[in-house]
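Read through the structure below, which is laid out as structure tokens, and then see the notes.
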Amino acid sequence: MQILITIDMEQDCPPYLSTFFGVVQGTPRVLARLKQLGIRGTFFTTGDVARRFPQVVQSIVEAGHELGCHGDSHKRFSLMSHDEAEREVRDASATLRSFGEVVSFRAPNLDFPEPFLPILSQHGYRVDSSIGRHKPGTFFAEPSRTHGLSRVPASVAPSWLRIPATLRSALLSQLRGPAVFFFHPWEFVDATDWPIPIDCRYRTGQPALDSLAATVDFFRQRGATFHTMRELAPN
Ligand SMILES: [Zn+2]
């Protein structure tokens with residue numbers, strides 16, 4: 001079974017907050033934990049985060065992780081015209097590619113209208129992970145190929161991984177491969193008293209780092225292999 005650990009680099013818990021405690025404080029924590037685990041992840045980053053915190057993005061690339069694109073402003077693509085969507089992808093790509101190769105994409109809120117898919121291939125993307133199996137309507141989404149892209153669905157909502165260990169193991173054992181997990185940097189900061197919904201803030205901070213490690217261990221014990229998104233690009 002193939003496992004992918006992905007991190008969506010954006011402001012703290014959008015749309016509720018516009019701070020960046022996660023990017024600044026959470027990123028070094030997750031980088032340290034991934035290093036300890038010997039895992040290379042994929043960091044889907046907004047152009048906005050990369051312009052505000054270039055040194056953080058540099059640290060991700062230097063640690064050997066894949067840098068992916070998470071839009072420019074973290075606005076929902078379903079609220080954009082085709083021209084706006086094209087501009088959003090073009091601006092984010094220009095910023096992110098100053099740090100290195102970027103070929104993988106995930107839309108904010110896993111919300112990317114199908115008519116926009118050609119924009120991704122036109123801008124050199126080869127993998128798209130803008131579908132979530134945890135979302136109504138795409139529960140049974142399978143990996144597919146279209147417009148020169150591999151489309152690889154995310155498997156579960158990030159908050160589900162922070163549930164207690166026995167429940168988490170039951171959930172993980174049901175997943176089909178490739179299993180794609182996504183986290184946010186703010187989950188690795190103690191956000192339990194932030195003004196955000198309970199499912200966003202419960203068991204954040206150290207418990208979230210422990211959930212990440214436990215998820216990796218769970219699959220390692222079962223002989224799974226770990227990959228970055230670009231490794232799933234079409235040949
Ligand atoms: Zn996001």
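Following the order of the structure tokens, first chain is A, next is B, and so on, with residues numbered from 1 inside each chain and ligands from 1 in the order they appear.
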Would you kindly return, as an MDAnalysis selection string, each protein, DNA or RNA residue with an atom no farther than 12 Å from any atom of Phe21 in chain A, considering only C-alpha atoms and excluding same-chain residues fewer than 5 positions away?
-> chainID A and resid 9:13 26:29 49 53 184:191 194 205
Would you mind exporting C-alpha atoms of the selected residues as a short mmCIF file (atom, residue, chain, number, x, y, z; two decimals), in the first residue's frame?
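In the end it all went to selection.cif:
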data_model
loop_
_atom_site.label_atom_id
_atom_site.label_comp_id
_atom_site.auth_asym_id
_atom_site.auth_seq_id
_atom_site.Cartn_x
_atom_site.Cartn_y
_atom_site.Cartn_z
CA MET A 9 0.58 25.49 4.18
CA GLU A 10 -1.82 28.40 4.66
CA GLN A 11 -3.03 30.89 7.26
CA ASP A 12 -4.36 29.53 10.60
CA CYS A 13 -7.63 27.62 10.22
CA GLY A 26 4.08 24.53 13.56
CA THR A 27 6.30 24.05 10.50
CA PRO A 28 9.59 23.51 12.40
CA ARG A 29 7.77 20.99 14.63
CA VAL A 49 2.62 32.02 2.50
CA PHE A 53 7.68 33.44 4.86
CA HIS A 184 -2.02 21.85 8.44
CA PRO A 185 0.84 23.52 10.28
CA TRP A 186 -1.54 25.17 12.76
CA GLU A 187 -2.67 21.73 13.98
CA PHE A 188 0.83 21.26 15.40
CA VAL A 189 0.42 24.36 17.60
CA ASP A 190 -1.75 24.11 20.72
CA ALA A 191 -4.94 25.69 19.33
CA TRP A 194 -8.54 29.43 19.70
CA GLY A 205 -0.30 20.61 19.37
#
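Selection of all polymer residues within 7 Å of ligand 1 on the basis of only C-alpha atoms and all ligand atoms gives A:Asp8, A:Met9, A:Glu10, A:His70, A:His74, A:Pro108, A:Asn109.
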Output N, CA and C atoms for every residue in the selection just made, as a PDB file, in the first residue's frame.
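Contents of out.pdb, as written:
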ATOM      1  N   ASP A   8      -0.876  21.120   4.144  1.00  0.00           N
ATOM      2  CA  ASP A   8      -1.371  22.293   3.422  1.00  0.00           C
ATOM      3  C   ASP A   8      -0.939  23.559   4.167  1.00  0.00           C
ATOM      4  N   MET A   9      -0.035  24.319   3.541  1.00  0.00           N
ATOM      5  CA  MET A   9       0.585  25.493   4.177  1.00  0.00           C
ATOM      6  C   MET A   9      -0.230  26.740   3.851  1.00  0.00           C
ATOM      7  N   GLU A  10      -0.891  27.282   4.846  1.00  0.00           N
ATOM      8  CA  GLU A  10      -1.818  28.399   4.661  1.00  0.00           C
ATOM      9  C   GLU A  10      -1.930  29.147   5.987  1.00  0.00           C
ATOM     10  N   HIS A  70      -0.812  25.291  -3.470  1.00  0.00           N
ATOM     11  CA  HIS A  70      -2.123  25.291  -2.805  1.00  0.00           C
ATOM     12  C   HIS A  70      -2.880  26.581  -3.148  1.00  0.00           C
ATOM     13  N   HIS A  74      -5.563  31.271  -1.177  1.00  0.00           N
ATOM     14  CA  HIS A  74      -6.439  30.348  -0.440  1.00  0.00           C
ATOM     15  C   HIS A  74      -7.918  30.664  -0.621  1.00  0.00           C
ATOM     16  N   PRO A 108      -7.425  24.821  -2.369  1.00  0.00           N
ATOM     17  CA  PRO A 108      -7.960  25.082  -1.035  1.00  0.00           C
ATOM     18  C   PRO A 108      -9.342  24.452  -0.880  1.00  0.00           C
ATOM     19  N   ASN A 109      -9.645  23.922   0.285  1.00  0.00           N
ATOM     20  CA  ASN A 109     -10.931  23.287   0.574  1.00  0.00           C
ATOM     21  C   ASN A 109     -11.218  22.111  -0.368  1.00  0.00           C
TER      22      ASN A 109
END
Mind giving me the straight-line distance from CA of Val103 in chain A to CA of Glu88 in chain A in Å, one decimal?
-> 15.4 Å
Give the answer as one residue: which of A:Gly148, A:Pro207, A:Pro136, A:Pro143 has the shortest atom-to-atom distance to Pro178 in chain A, using only C-alpha atoms?
-> A:Pro143
Could you give me the residues within range 21-225 of chain A that DSSP places in helix (DSSP H, G or I), as an MDAnalysis selection string?
-> chainID A and resid 21:37 47:52 54:62 77:79 82:96 108:110 114:122 158:162 165:172 185:188 198:201 206:221
Using only C-alpha atoms, which residues sit within 12 Å of Val57 in chain A once same-chain residues fewer than 3 positions away are excluded, as a ChimeraX atom specification?
-> /A:9-10,23-24,27-28,31,42-54,60-69,95-100
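Distance annotation: of A:Leu37, A:Met80, A:Leu167, A:Val216, the residue with the minimal separation from Asp111 in chain A is A:Met80; atom set is only C-alpha atoms.
Excluding range 2-7 of chain A itself and same-chain residues fewer than 5 positions from it, the residues having an atom within 6 Å of it are Gly41, Thr42, Phe43, Gly177, Pro178, Ala179, Val180, Phe181, Phe182, Phe183, His184, Ala224, Thr225, Phe226, His227 and Thr228 of chain A, counting only C-alpha atoms.
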Would you output that residue set with C-alpha atoms, as a CSV table (one decimal), in the first residue's frame?
chain,number,residue,atom,x,y,z
A,41,GLY,CA,6.2,14.7,2.6
A,42,THR,CA,4.5,17.0,0.2
A,43,PHE,CA,3.9,20.6,1.3
A,177,GLY,CA,-4.4,2.9,-1.3
A,178,PRO,CA,-2.9,5.2,-2.2
A,179,ALA,CA,-3.8,6.6,1.2
A,180,VAL,CA,-3.3,10.4,1.2
A,181,PHE,CA,-3.2,12.2,4.6
A,182,PHE,CA,-3.3,15.9,5.0
A,183,PHE,CA,-2.5,18.1,7.9
A,184,HIS,CA,-2.0,21.8,8.4
A,224,ALA,CA,3.4,0.1,3.4
A,225,THR,CA,5.7,2.4,1.3
A,226,PHE,CA,5.8,6.2,1.6
A,227,HIS,CA,5.8,8.5,-1.3
A,228,THR,CA,5.6,12.2,-2.4
